[in-house]
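Colleague: I'd like to ask some things about the structure below.
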Amino acid sequence: MKRRTLLLGTIGAMTLLSVGCQNVPAPEPVYPLPTQAQVNWQKMETYAFVHFGLNTFNNMEWGFGDTPESTFDPTDLNVGQWVETLKNAGMKGIIITVKHHDGFCLWPTKNGDYSVKNSPVQNGQSDLVRDLVEACKKEDLKIGIYISPWDRNHAKYGEKEYVDYFQSTIKEMVEDYCAANGVELFEFWFDGANGGDGYYGGERGVRNINPTEYYRYEEAANTIHSKFPDAMIFGGTVPTIRWIGNEHGYAGQTNWAMWGKGLPESRKLENGDINGPDWLPGEVDVSVRPGWFYHTREDHQLRSLSTLVDYYYQSVGRNANLLLNFPINHAGRIPTSDSIRIMEWKKTLDRQFANDLAAKAKFSATNERGRGYQAAKVNDGNWDTYWATQDGVTTGDIIASFDAPTEFNTVLLQEYIPLGQRIKSFTIEYKNDKNEFVPVASKDTMSTVGYKRLIRFDNVTTKELKISFTDSRGVPCINNISIYSAPAVLDVPKIVRSADGKVNINSAKGTVVYYTIDGTEPTTASLPFSAPFEFAQKGIIKAVAYDPTTNEPSPVGTQLFDIVQAPFEIMKPIADKGNKHAFDGNPSTSYYLPKGTNSLTFSLGGKYNICGLEYTPDQNRWGAGPIHRYKIYIDNKFIKEGEFSNIKQNPIKQYIEFPQTEGSNITVEVLRIADDTNRASFAELSVITE
Ligand code: FUL
């Protein structure tokens with residue numbers, strides 16, 4: 001309510017202004033509306049997450065909170081390198097995990113001992129959070145703070161004392177770190193884990209808390225807003241933005257900024273809700289590597305360039321902000337490979353949007369509200385002016401005409417969101433050789449627009465482009481239309497191996513691929529790839545793709561392979577020799593344990609010195625049965641018990657390492673599944689041998 005009154009004040013003033021100079025009143029707002037702070041936040045578009053802490057050194061995603069502080073020992077800590085890299089990558093701010101679920105504080109908190117002050121880094125004198133805040137201030141980046149409400153270390157977790165401590169950590173961050181340094185705190189991130197999936201386990205056992213009451217989020221919000229009234233709050237009970245509902249780098253094609261409590265269950269976070277009472281725009285959080293924290297084993301699994309480019313189109317291009325995560329390595333830096341990749345990403349995006357062809361077009365519309373709201377407002381470079389129709393007219397076409405045939409493949413649309421999000425559907429057509437308007441060929445759904453919508457389609461060459469707004473919650477208010485001819489993204493070649501050891505290398509159409517099998521960097525002098533080849537041994541393959549027209553190389557793809565899976569066979573619970581889904585080198589097919597069974601034994605078809613296991617749960621979009629806690633046996637001998645943390649939200653390939661053991665049969669006993677299916681899924685199982 002408060003938010004609405006405030007905004008009405010602004011809108012009222014705007015209306016008067018337009019009446020005064022333009023004789024045409026602005027369209028009525030369509031509620032709910034964003035606050036000015038929410039509009040400013042949305043304009044940030046991309047900012048970075050950094051995950052750093054004890055997990056980095058423990059090789060875990062969710063530490064138990066029981067490792068000594070001395071474990072936190074970066075060898076070459078340099079927050080300046082993070083800031084420089086992320087600033088160059090175009091990030092507008094940095095959100096740092098100052099306390100993750102293991103409870104370890106990255107700053108020397110006055111209120112506890114489990115922190116950097118008891119770690120060897122700079123002899124306990126390190127204050128890397130302060131250093132980061134200062135570096136951000138200097139470089140004109142905003143700062144965000146992630147504090148996990150769930151704490152697996154604090155002895156009083158579950159009781160009032162812990163929440164007093166939790167509140168004191170927030171206060172320290174807001175007052176002593178951000179306000180004291182004059183940096184702008186733009187976002188506070190309250191993780192939903194523990195409270196999200198109902199599992200409260202770990203060394204300290206079950207805590208029966210009700211997260212919505214226990215953590216006193218209103219008090220936290222007051223602390224934050226007393227110093228930074230415009231800071232966004234993610235999670236908790238008083239959020240101003242919402243999680244997009246997945247950690248895979250996409251918002252829904254239809255994405256309303258509206259949401260609210262008590263919506264029907266069928267509503268999905270990735271879509272928002274057209275009837276939602278509150279303005280709660282979506283944020284897409286995703287990592288540049290499979291995990292949030294750094295793991296050496298993921299050095300070769302950095303997201304490909306085209307995947308990262310897609311993340312941008314699927315978040316910012318779908319009315320959401322992109323929070324892109326960078327794991328910090330053991331040295332205390334963003335790994336070189338990751339900073340190179342993110343600069344490739346920045347360069348690629350800059351090229352995609354380098355030349356706005358709309359600047360050369362003349363815009364006209366089927367209906368115009370009047371002076372100040374003409375079609376020409378969509379490419380006047382002014383965010384605050386927009387094309388709008390007359391009251392009562394909620395559909396309309398806008399046409400871009402070029403003097404000469406022009407080639408393009410991407411359209412950017414923006415709605416003037418201070419007046420609410422309106423567009424429900426639209427179409428994009430171009431005039432063909434026969435002088436007829438025909439739809440562009442696109443895989444994108446043309447439904448909502450919001451703050452920003454990017455539509456990609458097959459290249460067209462035309463003198464006229466027509467965008468028809470076919471359904472809307474009020475008169476359309478479009479403040480920007482841009483048109484681009486975005487170059488194709490030359491991606492890292494994808495190296496895959498079948499269960500029987502045939503390697504295939506996939507790359508973009510028309511490119512030429514070269515590869516090596518000895519770990520050296522591939523060049524045009526390396527082996528040219530023409531057809532799948534035999535590589536049934538342990539080893540490393542690297543490949544690069546060249547675009548013959550530009551002679552530009554792609555980033556290098558790298559893949560490590562262990563023994564082939566073809567001889568693997570299921571022995572128990574039901575001997576199922578023909579069922580190869582878990583061993584077919586294809587993560588899109590899965591083996592599910594039969595109902596009522598909780599362990600799988602498989603044979604490797606020979607004796608090996610085994611030092612690890614790789615497990616991938618069902619990868620399909622609606623896949624289920626990810627194993628959360630397990631026990632491993634080799635030839636019936638117990639080897640290891642453990643958990644795959646965060647596997648429900650991020651069902652990536654998991655690694656189990658253990659001391660080298662000779663054997664031929666492996667048993668995976670499932671102690672807990674992360675969702676409510678009672679059948680564990682195995683998309684892929686493979687071993688790491690000596
Ligand atoms: C999740 C956490 O559990 C992950 O570890 C990570 O921090 C991610 C950003 O949020 O909920």
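Following the order of the structure tokens, chains are lettered A, B, ..., residues in each are numbered from 1, and ligands are numbered from 1.
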List all protein, DNA and RNA residues that have any atom at most 6 Å from ligand 1, counting only C-alpha atoms and all ligand atoms, and write the list as a PyMOL selection string.
Modeller: chain A and resi 61+191-193+292+646
Colleague: Export, as a short mmCIF file (atom, residue, chain, number, x, y, z; two decimals), in the first residue's frame, the selected residues with N, CA, C and O atoms.
Modeller:
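Final file, selection-v4.cif:
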data_model
loop_
_atom_site.label_atom_id
_atom_site.label_comp_id
_atom_site.auth_asym_id
_atom_site.auth_seq_id
_atom_site.Cartn_x
_atom_site.Cartn_y
_atom_site.Cartn_z
N GLU A 61 30.02 -28.06 -1.78
CA GLU A 61 29.06 -27.00 -2.09
C GLU A 61 28.34 -26.55 -0.81
O GLU A 61 28.00 -25.39 -0.67
N ASP A 191 19.40 -16.54 1.42
CA ASP A 191 19.25 -17.84 0.77
C ASP A 191 18.09 -18.61 1.39
O ASP A 191 17.90 -18.61 2.60
N GLY A 192 17.34 -19.30 0.53
CA GLY A 192 16.17 -20.06 1.00
C GLY A 192 16.50 -21.46 1.47
O GLY A 192 15.66 -22.16 2.00
N ALA A 193 17.75 -21.92 1.25
CA ALA A 193 18.06 -23.31 1.60
C ALA A 193 17.87 -23.52 3.10
O ALA A 193 18.16 -22.63 3.90
N TRP A 292 28.66 -23.66 -7.57
CA TRP A 292 28.73 -22.26 -7.14
C TRP A 292 30.11 -21.95 -6.58
O TRP A 292 30.62 -20.85 -6.72
N ASN A 646 23.07 -29.43 -2.59
CA ASN A 646 22.43 -28.55 -3.58
C ASN A 646 22.08 -29.28 -4.88
O ASN A 646 21.92 -28.64 -5.92
#
Colleague: Between A:Tyr31, A:Tyr165, A:Phe190, A:Tyr215, which has the minimum distance to A:Thr97 (counting only C-alpha atoms)?
Modeller: A:Phe190
Colleague: Which residues of stretch 325-425 of chain A come within 10 Å of stretch 488-512 of chain A, and what is each one's closest atom pair and distance in Å (one decimal), counting only C-alpha atoms, sorted by chain and residue number, as JSON lines?
Modeller:
{"residue": "A:Trp345", "atom": "CA", "partner": "A:Val489", "partner_atom": "CA", "distance": 9.7}
{"residue": "A:Thr348", "atom": "CA", "partner": "A:Val489", "partner_atom": "CA", "distance": 7.3}
{"residue": "A:Leu349", "atom": "CA", "partner": "A:Val489", "partner_atom": "CA", "distance": 9.4}
{"residue": "A:Arg351", "atom": "CA", "partner": "A:Val489", "partner_atom": "CA", "distance": 10.0}
{"residue": "A:Gln352", "atom": "CA", "partner": "A:Ala488", "partner_atom": "CA", "distance": 8.6}
Colleague: Hey, can you spit out that residue selection with all heavy atoms as an mmCIF file, in the first residue's frame?
Modeller:
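As a result, out-v3.cif now contains:
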data_model
loop_
_atom_site.group_PDB
_atom_site.id
_atom_site.type_symbol
_atom_site.label_atom_id
_atom_site.label_comp_id
_atom_site.auth_asym_id
_atom_site.auth_seq_id
_atom_site.Cartn_x
_atom_site.Cartn_y
_atom_site.Cartn_z
ATOM 1 N N TRP A 345 32.696 -13.310 -23.602
ATOM 2 C CA TRP A 345 31.240 -13.106 -23.486
ATOM 3 C C TRP A 345 30.891 -11.632 -23.682
ATOM 4 O O TRP A 345 30.003 -11.281 -24.447
ATOM 5 C CB TRP A 345 30.815 -13.589 -22.088
ATOM 6 C CG TRP A 345 29.401 -13.390 -21.692
ATOM 7 C CD1 TRP A 345 28.337 -14.152 -22.078
ATOM 8 C CD2 TRP A 345 28.883 -12.406 -20.781
ATOM 9 N NE1 TRP A 345 27.190 -13.696 -21.463
ATOM 10 C CE2 TRP A 345 27.503 -12.631 -20.667
ATOM 11 C CE3 TRP A 345 29.452 -11.370 -20.045
ATOM 12 C CZ2 TRP A 345 26.673 -11.855 -19.851
ATOM 13 C CZ3 TRP A 345 28.632 -10.595 -19.230
ATOM 14 C CH2 TRP A 345 27.262 -10.838 -19.148
ATOM 15 N N THR A 348 31.455 -10.605 -27.234
ATOM 16 C CA THR A 348 30.408 -11.158 -28.098
ATOM 17 C C THR A 348 29.118 -10.360 -27.950
ATOM 18 O O THR A 348 28.484 -9.988 -28.946
ATOM 19 C CB THR A 348 30.158 -12.643 -27.728
ATOM 20 O OG1 THR A 348 31.402 -13.312 -27.779
ATOM 21 C CG2 THR A 348 29.179 -13.295 -28.672
ATOM 22 N N LEU A 349 28.720 -10.071 -26.713
ATOM 23 C CA LEU A 349 27.475 -9.317 -26.519
ATOM 24 C C LEU A 349 27.606 -7.904 -27.095
ATOM 25 O O LEU A 349 26.678 -7.395 -27.725
ATOM 26 C CB LEU A 349 27.107 -9.244 -25.030
ATOM 27 C CG LEU A 349 26.554 -10.532 -24.417
ATOM 28 C CD1 LEU A 349 26.266 -10.334 -22.941
ATOM 29 C CD2 LEU A 349 25.288 -10.999 -25.130
ATOM 30 N N ARG A 351 29.318 -7.035 -29.584
ATOM 31 C CA ARG A 351 29.190 -7.143 -31.043
ATOM 32 C C ARG A 351 27.743 -7.379 -31.460
ATOM 33 O O ARG A 351 27.298 -6.884 -32.493
ATOM 34 C CB ARG A 351 30.013 -8.325 -31.538
ATOM 35 C CG ARG A 351 31.442 -7.993 -31.743
ATOM 36 C CD ARG A 351 31.948 -8.945 -32.813
ATOM 37 N NE ARG A 351 33.359 -9.190 -32.644
ATOM 38 C CZ ARG A 351 33.965 -10.284 -33.063
ATOM 39 N NH1 ARG A 351 33.289 -11.242 -33.633
ATOM 40 N NH2 ARG A 351 35.250 -10.419 -32.898
ATOM 41 N N GLN A 352 27.032 -8.176 -30.659
ATOM 42 C CA GLN A 352 25.632 -8.470 -31.003
ATOM 43 C C GLN A 352 24.815 -7.179 -31.093
ATOM 44 O O GLN A 352 23.958 -7.034 -31.934
ATOM 45 C CB GLN A 352 24.973 -9.351 -29.927
ATOM 46 C CG GLN A 352 25.672 -10.660 -29.645
ATOM 47 C CD GLN A 352 25.113 -11.805 -30.458
ATOM 48 O OE1 GLN A 352 23.955 -12.133 -30.357
ATOM 49 N NE2 GLN A 352 25.949 -12.400 -31.267
#
Colleague: Using DSSP on the backbone, list every residue of stretch 71-164 of chain A that comes out as strand (DSSP E), and give them as a PyMOL selection string.
Modeller: chain A and resi 93-99+142-147
Colleague: Store the residues picked out above in a file with N, CA, C and O atoms, as a CSV table (one decimal), in the first residue's frame.
Modeller:
chain,number,residue,atom,x,y,z
A,93,GLY,N,27.6,-4.6,-10.4
A,93,GLY,CA,27.8,-4.7,-9.0
A,93,GLY,C,28.3,-6.1,-8.7
A,93,GLY,O,28.4,-7.0,-9.5
A,94,ILE,N,28.7,-6.3,-7.4
A,94,ILE,CA,29.1,-7.7,-7.0
A,94,ILE,C,28.4,-8.1,-5.7
A,94,ILE,O,28.4,-7.3,-4.7
A,95,ILE,N,27.8,-9.3,-5.7
A,95,ILE,CA,27.2,-9.8,-4.4
A,95,ILE,C,28.2,-10.9,-3.9
A,95,ILE,O,28.5,-11.8,-4.6
A,96,ILE,N,28.6,-10.7,-2.7
A,96,ILE,CA,29.6,-11.7,-2.1
A,96,ILE,C,29.0,-12.5,-1.0
A,96,ILE,O,28.2,-12.0,-0.2
A,97,THR,N,29.3,-13.8,-1.0
A,97,THR,CA,28.8,-14.7,0.1
A,97,THR,C,29.7,-14.5,1.3
A,97,THR,O,30.7,-15.2,1.5
A,98,VAL,N,29.3,-13.6,2.2
A,98,VAL,CA,30.1,-13.3,3.4
A,98,VAL,C,29.9,-14.4,4.4
A,98,VAL,O,30.7,-14.6,5.3
A,99,LYS,N,28.7,-15.1,4.4
A,99,LYS,CA,28.5,-16.3,5.3
A,99,LYS,C,27.6,-17.3,4.6
A,99,LYS,O,26.5,-17.0,4.3
A,142,LYS,N,28.5,-1.3,-7.5
A,142,LYS,CA,27.7,-1.4,-6.3
A,142,LYS,C,28.0,-2.7,-5.6
A,142,LYS,O,28.5,-3.6,-6.2
A,143,ILE,N,27.6,-2.8,-4.3
A,143,ILE,CA,27.9,-4.0,-3.6
A,143,ILE,C,26.6,-4.7,-3.1
A,143,ILE,O,25.6,-4.0,-2.8
A,144,GLY,N,26.7,-6.0,-3.1
A,144,GLY,CA,25.5,-6.8,-2.6
A,144,GLY,C,26.1,-7.8,-1.5
A,144,GLY,O,27.2,-8.2,-1.6
A,145,ILE,N,25.2,-8.1,-0.6
A,145,ILE,CA,25.7,-9.0,0.5
A,145,ILE,C,24.8,-10.3,0.6
A,145,ILE,O,23.6,-10.2,0.6
A,146,TYR,N,25.4,-11.5,0.5
A,146,TYR,CA,24.7,-12.7,0.7
A,146,TYR,C,25.1,-13.2,2.1
A,146,TYR,O,26.2,-13.4,2.5
A,147,ILE,N,24.0,-13.4,2.9
A,147,ILE,CA,24.2,-14.0,4.3
A,147,ILE,C,23.2,-15.2,4.3
A,147,ILE,O,22.0,-15.0,4.2
Colleague: If we count only C-alpha atoms and set the cut-off at 8 Å, which residues sit around A:Tyr114, ignoring sequence neighbours fewer than 5 positions away in its own chain? Please answer as number ranges by chain.
Modeller: A: 69, 103-105
Colleague: Which one of A:Gln36, A:Thr46, A:Thr307, A:Thr254 sits closest to A:Lys87 if you count only C-alpha atoms?
Modeller: A:Thr46
Colleague: As a ChimeraX atom specification, please: the residues near A:Ile455 (cut-off 7 Å, only C-alpha atoms, same-chain neighbours under 2 positions excluded).
Modeller: /A:410-412,444,453,457
Colleague: Excluding A:Thr462 and residues on its chain fewer than 6 positions from it, collect all residues at most 7 Å away from it, counting only C-alpha atoms, and give them as a PyMOL selection string.
Modeller: chain A and resi 405-407+430-432
Colleague: Could you take the residues named above and write them with C-alpha atoms, as a PDB file, in the first residue's frame?
Modeller:
ATOM      1  CA  PRO A 405      16.622  -3.505 -47.958  1.00  0.00           C
ATOM      2  CA  THR A 406      18.194  -4.204 -44.578  1.00  0.00           C
ATOM      3  CA  GLU A 407      19.266  -7.538 -43.084  1.00  0.00           C
ATOM      4  CA  TYR A 430       8.517  -8.526 -42.301  1.00  0.00           C
ATOM      5  CA  LYS A 431       7.575  -7.631 -45.857  1.00  0.00           C
ATOM      6  CA  ASN A 432       8.801 -10.274 -48.321  1.00  0.00           C
TER       7      ASN A 432
END
Colleague: Find, counting only C-alpha atoms, the residue in A:Val121, A:Asn271, A:Val183, A:Ile666 that gets nearest to A:Ala231.
Modeller: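 Under the stated criterion, the closest residue is A:Val183.
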Colleague: Could you pull the residues within 10 Å of A:Gly252, counting only C-alpha atoms, minus those fewer than 6 positions along the same chain, as a list in words?
Modeller: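 Once the adjacent positions are removed, what remains is Ile244, Gly245, Lys268, Leu269, Glu270, Asn271, Gly272, Gly282, Gln314, Ser315, Arg318, Asn319, Ala320, Thr445 and Thr448 of chain A.
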Colleague: For the residues in that selection, give me C-alpha atoms as a CSV table (one decimal), in the first residue's frame.
Modeller:
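So the final result, stored in part_2.csv, reads:
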chain,number,residue,atom,x,y,z
A,244,ILE,CA,13.3,-17.1,-10.9
A,245,GLY,CA,12.7,-20.6,-9.6
A,268,LYS,CA,5.5,-20.7,-11.6
A,269,LEU,CA,8.2,-18.3,-10.4
A,270,GLU,CA,9.8,-18.3,-13.9
A,271,ASN,CA,6.6,-16.9,-15.4
A,272,GLY,CA,5.5,-14.5,-12.6
A,282,GLY,CA,12.7,-11.9,-11.3
A,314,GLN,CA,17.1,-15.8,-21.5
A,315,SER,CA,17.3,-13.5,-18.5
A,318,ARG,CA,13.1,-12.0,-20.8
A,319,ASN,CA,12.4,-9.2,-18.4
A,320,ALA,CA,14.7,-10.5,-15.6
A,445,THR,CA,7.3,-17.1,-27.7
A,448,THR,CA,5.2,-10.6,-22.4
Colleague: Find the residues around A:Asn40 up to 10 Å (only C-alpha atoms counted), leave out those fewer than 5 positions away in its own chain, and share them as JSON, numbers by chain.
Modeller: {"A": [34, 35, 45, 186, 230]}
Colleague: Any chance you could list, as a count of residues only, the residues in stretch 6-240 of chain A that come up helix (DSSP H, G or I) when DSSP is run on the backbone?
Modeller: 99
Colleague: Take atom CA of A:Leu454 and atom CA of A:Ser482 and report the distance between them in Å, one decimal.
Modeller: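 Straight-line distance from atom CA of A:Leu454 to atom CA of A:Ser482 works out to 9.3 Å.
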